[in-house]
Amino acid sequence: MRKKLIFSIIILVLFVSFYEVMVSGKTVTYMGEDGNWLITINAKIEGLNSSYRIVVKYKGKKEVENLNFNIHPHYESGLPLLNENGYYIYECKNECTYNDKESKLLLFIIWKEKNQSVENLDFIDLKKIRN
């Protein structure tokens, strides 16, 4: 009787673990802003795949000519695309790497406004708002 109970508990734990890792999705959102920028990261893990979307909004009055950013730790970044609503979007779908354990991330952003010769830079803390 005792062996059956232990075996049943082990099977239940394995089933729940399998469900958590392979079936249920986990999402996390990070947000941060300062006087120039509003940043949102929405990330999701589904099974062994992960994806994320980084949305960057410039709050300044002038047009941005060049933009590049990096998020530390764990997020890869590239050249974002400007959409019709004025948001810079960078997406990584499937096989992306990120870690949702951090409560805070650091974004380093470099941009150049149109018709300006100097590049601007900024550091913005991104805080986890949902897990």
# chains A, B, ... in the order shown; residues from 1 in each chain; ligands from 1
>>> residues_around(residues="region 108-125 of chain A", least_positions_apart="5", cutoff="12 Å", atoms="only C-alpha atoms", output="PyMOL selection string")
chain A and resi 30-40+56-58+60-73+75+77-80+88+102-103
>>> write_last_selection(atoms="N, CA and C atoms", output="mmCIF file, in the first residue's frame")
data_model
loop_
_atom_site.group_PDB
_atom_site.id
_atom_site.type_symbol
_atom_site.label_atom_id
_atom_site.label_comp_id
_atom_site.auth_asym_id
_atom_site.auth_seq_id
_atom_site.Cartn_x
_atom_site.Cartn_y
_atom_site.Cartn_z
ATOM 1 N N TYR A 30 8.476 43.692 -19.007
ATOM 2 C CA TYR A 30 9.352 44.692 -18.407
ATOM 3 C C TYR A 30 8.996 46.046 -19.008
ATOM 4 N N MET A 31 9.021 47.086 -18.189
ATOM 5 C CA MET A 31 8.747 48.440 -18.670
ATOM 6 C C MET A 31 9.716 49.433 -18.040
ATOM 7 N N GLY A 32 9.982 50.514 -18.776
ATOM 8 C CA GLY A 32 10.802 51.591 -18.259
ATOM 9 C C GLY A 32 10.652 52.815 -19.133
ATOM 10 N N GLU A 33 10.906 53.981 -18.541
ATOM 11 C CA GLU A 33 10.854 55.211 -19.324
ATOM 12 C C GLU A 33 11.663 56.308 -18.666
ATOM 13 N N ASP A 34 11.988 57.282 -19.487
ATOM 14 C CA ASP A 34 12.611 58.506 -19.004
ATOM 15 C C ASP A 34 12.039 59.651 -19.834
ATOM 16 N N GLY A 35 12.703 60.791 -19.854
ATOM 17 C CA GLY A 35 12.189 61.942 -20.580
ATOM 18 C C GLY A 35 12.151 61.773 -22.084
ATOM 19 N N ASN A 36 12.964 60.850 -22.621
ATOM 20 C CA ASN A 36 13.043 60.655 -24.072
ATOM 21 C C ASN A 36 12.376 59.388 -24.586
ATOM 22 N N TRP A 37 12.331 58.345 -23.775
ATOM 23 C CA TRP A 37 11.946 57.027 -24.264
ATOM 24 C C TRP A 37 10.944 56.330 -23.351
ATOM 25 N N LEU A 38 10.098 55.497 -23.966
ATOM 26 C CA LEU A 38 9.194 54.577 -23.266
ATOM 27 C C LEU A 38 9.450 53.200 -23.861
ATOM 28 N N ILE A 39 9.830 52.236 -23.029
ATOM 29 C CA ILE A 39 10.219 50.906 -23.495
ATOM 30 C C ILE A 39 9.355 49.849 -22.827
ATOM 31 N N THR A 40 8.910 48.873 -23.631
ATOM 32 C CA THR A 40 8.153 47.732 -23.131
ATOM 33 C C THR A 40 8.715 46.463 -23.761
ATOM 34 N N VAL A 56 9.713 50.341 -28.524
ATOM 35 C CA VAL A 56 10.406 51.537 -28.076
ATOM 36 C C VAL A 56 9.703 52.750 -28.689
ATOM 37 N N LYS A 57 9.307 53.692 -27.852
ATOM 38 C CA LYS A 57 8.633 54.907 -28.314
ATOM 39 C C LYS A 57 9.476 56.115 -27.949
ATOM 40 N N TYR A 58 9.814 56.926 -28.962
ATOM 41 C CA TYR A 58 10.553 58.165 -28.738
ATOM 42 C C TYR A 58 9.558 59.254 -28.364
ATOM 43 N N GLY A 60 10.457 62.472 -27.851
ATOM 44 C CA GLY A 60 10.972 63.779 -28.260
ATOM 45 C C GLY A 60 10.211 64.351 -29.442
ATOM 46 N N LYS A 61 10.515 65.576 -29.776
ATOM 47 C CA LYS A 61 9.818 66.295 -30.850
ATOM 48 C C LYS A 61 10.474 66.075 -32.215
ATOM 49 N N LYS A 62 11.790 65.853 -32.246
ATOM 50 C CA LYS A 62 12.503 65.732 -33.516
ATOM 51 C C LYS A 62 12.443 64.297 -34.030
ATOM 52 N N GLU A 63 12.747 64.132 -35.302
ATOM 53 C CA GLU A 63 12.759 62.822 -35.931
ATOM 54 C C GLU A 63 14.091 62.127 -35.645
ATOM 55 N N VAL A 64 14.039 60.834 -35.346
ATOM 56 C CA VAL A 64 15.239 60.044 -35.077
ATOM 57 C C VAL A 64 15.768 59.479 -36.389
ATOM 58 N N GLU A 65 17.065 59.674 -36.616
ATOM 59 C CA GLU A 65 17.698 59.192 -37.845
ATOM 60 C C GLU A 65 18.305 57.805 -37.641
ATOM 61 N N ASN A 66 19.023 57.598 -36.545
ATOM 62 C CA ASN A 66 19.655 56.309 -36.220
ATOM 63 C C ASN A 66 19.291 55.921 -34.803
ATOM 64 N N LEU A 67 19.089 54.617 -34.592
ATOM 65 C CA LEU A 67 18.737 54.115 -33.268
ATOM 66 C C LEU A 67 19.353 52.739 -33.090
ATOM 67 N N ASN A 68 19.951 52.517 -31.926
ATOM 68 C CA ASN A 68 20.473 51.215 -31.567
ATOM 69 C C ASN A 68 20.386 51.081 -30.060
ATOM 70 N N PHE A 69 20.087 49.881 -29.578
ATOM 71 C CA PHE A 69 20.003 49.664 -28.141
ATOM 72 C C PHE A 69 20.441 48.261 -27.796
ATOM 73 N N ASN A 70 20.766 48.072 -26.524
ATOM 74 C CA ASN A 70 21.159 46.781 -25.997
ATOM 75 C C ASN A 70 20.559 46.659 -24.603
ATOM 76 N N ILE A 71 20.101 45.462 -24.269
ATOM 77 C CA ILE A 71 19.470 45.221 -22.968
ATOM 78 C C ILE A 71 20.293 44.183 -22.224
ATOM 79 N N HIS A 72 20.688 44.548 -21.019
ATOM 80 C CA HIS A 72 21.536 43.683 -20.204
ATOM 81 C C HIS A 72 20.773 43.246 -18.959
ATOM 82 N N PRO A 73 20.809 42.045 -18.551
ATOM 83 C CA PRO A 73 21.386 40.883 -19.211
ATOM 84 C C PRO A 73 20.342 40.143 -20.054
ATOM 85 N N TYR A 75 19.051 39.700 -23.126
ATOM 86 C CA TYR A 75 18.270 39.946 -24.323
ATOM 87 C C TYR A 75 19.170 40.326 -25.484
ATOM 88 N N SER A 77 19.553 42.048 -29.179
ATOM 89 C CA SER A 77 18.848 43.128 -29.860
ATOM 90 C C SER A 77 19.449 43.319 -31.237
ATOM 91 N N GLY A 78 18.730 43.989 -32.058
ATOM 92 C CA GLY A 78 19.186 44.268 -33.413
ATOM 93 C C GLY A 78 18.658 45.625 -33.813
ATOM 94 N N LEU A 79 18.574 45.868 -35.094
ATOM 95 C CA LEU A 79 18.055 47.140 -35.560
ATOM 96 C C LEU A 79 16.529 47.078 -35.564
ATOM 97 N N PRO A 80 15.894 47.938 -34.782
ATOM 98 C CA PRO A 80 14.427 47.919 -34.740
ATOM 99 C C PRO A 80 13.836 48.565 -35.987
ATOM 100 N N TYR A 88 9.273 51.975 -32.488
ATOM 101 C CA TYR A 88 10.345 51.121 -32.979
ATOM 102 C C TYR A 88 10.108 49.732 -32.400
ATOM 103 N N GLU A 102 15.242 37.893 -13.626
ATOM 104 C CA GLU A 102 15.673 39.208 -13.173
ATOM 105 C C GLU A 102 14.466 40.096 -12.873
ATOM 106 N N SER A 103 14.536 40.863 -11.807
ATOM 107 C CA SER A 103 13.462 41.810 -11.512
ATOM 108 C C SER A 103 13.716 43.147 -12.195
#
>>> select_by_dssp(residues="chain A", states="strand (DSSP E)", output="PyMOL selection string")
chain A and resi 25-33+37-46+49-58+64-72+81-82+87-92+104-113+120-130
>>> select_by_dssp(residues="chain A", states="alpha helix (DSSP H)", output="CSV table (one decimal) with all heavy atoms, in the first residue's frame")
chain,number,residue,atom,x,y,z
A,2,ARG,N,1.9,1.3,0.8
A,2,ARG,CA,2.8,2.4,0.9
A,2,ARG,C,3.5,2.6,-0.4
A,2,ARG,O,3.7,3.8,-0.8
A,2,ARG,CB,3.7,2.2,2.1
A,2,ARG,CG,4.6,3.4,2.4
A,2,ARG,CD,5.4,3.2,3.6
A,2,ARG,NE,6.3,4.3,3.7
A,2,ARG,CZ,6.7,4.9,4.8
A,2,ARG,NH1,6.3,4.3,6.0
A,2,ARG,NH2,7.5,5.9,4.9
A,3,LYS,N,4.0,1.6,-1.0
A,3,LYS,CA,4.7,1.7,-2.3
A,3,LYS,C,3.8,2.3,-3.4
A,3,LYS,O,4.3,3.1,-4.2
A,3,LYS,CB,5.2,0.3,-2.7
A,3,LYS,CG,6.4,-0.2,-1.9
A,3,LYS,CD,6.9,-1.5,-2.4
A,3,LYS,CE,8.1,-2.0,-1.6
A,3,LYS,NZ,8.6,-3.2,-2.1
A,4,LYS,N,2.5,1.9,-3.4
A,4,LYS,CA,1.6,2.4,-4.4
A,4,LYS,C,1.4,3.9,-4.1
A,4,LYS,O,1.3,4.7,-5.1
A,4,LYS,CB,0.3,1.7,-4.3
A,4,LYS,CG,0.3,0.3,-4.9
A,4,LYS,CD,-1.1,-0.3,-4.8
A,4,LYS,CE,-1.1,-1.7,-5.4
A,4,LYS,NZ,-2.5,-2.3,-5.5
A,5,LEU,N,1.3,4.3,-2.9
A,5,LEU,CA,1.1,5.8,-2.6
A,5,LEU,C,2.4,6.6,-3.1
A,5,LEU,O,2.2,7.6,-3.7
A,5,LEU,CB,0.9,6.0,-1.1
A,5,LEU,CG,0.7,7.4,-0.7
A,5,LEU,CD1,-0.5,8.0,-1.3
A,5,LEU,CD2,0.6,7.5,0.8
A,6,ILE,N,3.5,6.1,-2.8
A,6,ILE,CA,4.8,6.8,-3.2
A,6,ILE,C,4.9,6.8,-4.7
A,6,ILE,O,5.2,7.8,-5.3
A,6,ILE,CB,6.0,6.1,-2.5
A,6,ILE,CG1,6.0,6.3,-1.0
A,6,ILE,CG2,7.3,6.6,-3.2
A,6,ILE,CD1,7.1,5.5,-0.3
A,7,PHE,N,4.6,5.7,-5.3
A,7,PHE,CA,4.6,5.6,-6.8
A,7,PHE,C,3.6,6.6,-7.4
A,7,PHE,O,3.9,7.3,-8.4
A,7,PHE,CB,4.3,4.2,-7.3
A,7,PHE,CG,4.3,4.1,-8.8
A,7,PHE,CD1,5.6,4.1,-9.4
A,7,PHE,CD2,3.2,3.9,-9.5
A,7,PHE,CE1,5.6,4.0,-10.8
A,7,PHE,CE2,3.2,3.8,-10.9
A,7,PHE,CZ,4.4,3.8,-11.5
A,8,SER,N,2.4,6.7,-6.8
A,8,SER,CA,1.4,7.6,-7.3
A,8,SER,C,1.8,9.1,-7.1
A,8,SER,O,1.6,9.9,-8.0
A,8,SER,CB,0.1,7.4,-6.6
A,8,SER,OG,-0.4,6.2,-6.8
A,9,ILE,N,2.5,9.4,-6.0
A,9,ILE,CA,3.0,10.8,-5.8
A,9,ILE,C,4.1,11.1,-6.8
A,9,ILE,O,4.1,12.2,-7.4
A,9,ILE,CB,3.5,10.9,-4.4
A,9,ILE,CG1,2.3,10.9,-3.4
A,9,ILE,CG2,4.2,12.2,-4.2
A,9,ILE,CD1,2.6,10.8,-1.9
A,10,ILE,N,4.9,10.2,-7.1
A,10,ILE,CA,6.0,10.4,-8.1
A,10,ILE,C,5.4,10.6,-9.4
A,10,ILE,O,5.9,11.6,-10.2
A,10,ILE,CB,7.0,9.2,-8.1
A,10,ILE,CG1,7.8,9.2,-6.7
A,10,ILE,CG2,8.0,9.3,-9.3
A,10,ILE,CD1,8.7,8.0,-6.5
A,11,ILE,N,4.5,9.8,-9.8
A,11,ILE,CA,3.8,10.0,-11.1
A,11,ILE,C,3.1,11.4,-11.2
A,11,ILE,O,3.2,12.1,-12.2
A,11,ILE,CB,2.8,8.9,-11.4
A,11,ILE,CG1,3.5,7.5,-11.5
A,11,ILE,CG2,2.0,9.2,-12.6
A,11,ILE,CD1,4.5,7.5,-12.7
A,12,LEU,N,2.5,11.8,-10.2
A,12,LEU,CA,1.8,13.1,-10.1
A,12,LEU,C,2.8,14.2,-10.3
A,12,LEU,O,2.6,15.2,-11.1
A,12,LEU,CB,1.0,13.2,-8.8
A,12,LEU,CG,0.3,14.6,-8.7
A,12,LEU,CD1,-0.8,14.7,-9.8
A,12,LEU,CD2,-0.4,14.7,-7.3
A,13,VAL,N,3.9,14.2,-9.6
A,13,VAL,CA,4.9,15.2,-9.6
A,13,VAL,C,5.5,15.2,-11.0
A,13,VAL,O,5.7,16.3,-11.6
A,13,VAL,CB,6.0,14.9,-8.6
A,13,VAL,CG1,7.3,15.8,-8.8
A,13,VAL,CG2,5.5,15.2,-7.2
A,14,LEU,N,5.8,14.1,-11.7
A,14,LEU,CA,6.3,14.1,-13.0
A,14,LEU,C,5.3,14.7,-14.0
A,14,LEU,O,5.7,15.4,-14.9
A,14,LEU,CB,6.7,12.6,-13.4
A,14,LEU,CG,7.9,12.1,-12.8
A,14,LEU,CD1,8.1,10.6,-13.1
A,14,LEU,CD2,9.2,12.8,-13.2
A,15,PHE,N,4.1,14.3,-13.9
A,15,PHE,CA,3.0,14.9,-14.7
A,15,PHE,C,2.9,16.4,-14.6
A,15,PHE,O,2.9,17.1,-15.6
A,15,PHE,CB,1.7,14.2,-14.4
A,15,PHE,CG,0.6,14.7,-15.3
A,15,PHE,CD1,0.5,14.4,-16.6
A,15,PHE,CD2,-0.4,15.6,-14.8
A,15,PHE,CE1,-0.5,14.9,-17.4
A,15,PHE,CE2,-1.4,16.1,-15.6
A,15,PHE,CZ,-1.5,15.7,-16.9
A,16,VAL,N,2.9,16.9,-13.4
A,16,VAL,CA,2.8,18.4,-13.2
A,16,VAL,C,4.1,19.0,-13.7
A,16,VAL,O,4.0,20.1,-14.4
A,16,VAL,CB,2.6,18.7,-11.7
A,16,VAL,CG1,2.8,20.2,-11.4
A,16,VAL,CG2,1.3,18.2,-11.2
A,17,SER,N,5.2,18.5,-13.5
A,17,SER,CA,6.5,19.0,-14.1
A,17,SER,C,6.5,19.1,-15.6
A,17,SER,O,6.9,20.1,-16.2
A,17,SER,CB,7.7,18.2,-13.6
A,17,SER,OG,7.8,18.3,-12.2
A,18,PHE,N,6.0,18.0,-16.2
A,18,PHE,CA,6.0,17.9,-17.7
A,18,PHE,C,5.0,19.0,-18.2
A,18,PHE,O,5.3,19.7,-19.1
A,18,PHE,CB,5.5,16.6,-18.1
A,18,PHE,CG,5.3,16.5,-19.6
A,18,PHE,CD1,6.4,16.3,-20.4
A,18,PHE,CD2,4.0,16.6,-20.1
A,18,PHE,CE1,6.2,16.2,-21.8
A,18,PHE,CE2,3.8,16.5,-21.5
A,18,PHE,CZ,4.9,16.3,-22.3
>>> atom_distance(atom1="CA of Thr29 (chain A)", atom2="CA of Asn83 (chain A)")
20.7 Å
>>> atom_distance(atom1="CA of Ile89 (chain A)", atom2="CA of Ile45 (chain A)")
19.3 Å
>>> closest_residue(among="A:Leu126, A:Val28, A:Gly86, A:Met1", to="Lys101 (chain A)", atoms="only C-alpha atoms")
A:Val28
>>> closest_residue(among="A:Lys26, A:Arg53, A:Lys127, A:Lys44", to="Tyr90 (chain A)", atoms="only C-alpha atoms")
A:Arg53
>>> atom_distance(atom1="CA of Glu84 (chain A)", atom2="CA of Tyr52 (chain A)")
20.2 Å
>>> closest_residue(among="A:Leu81, A:Asn49, A:Leu107, A:Ile54", to="Glu95 (chain A)", atoms="only C-alpha atoms")
A:Asn49
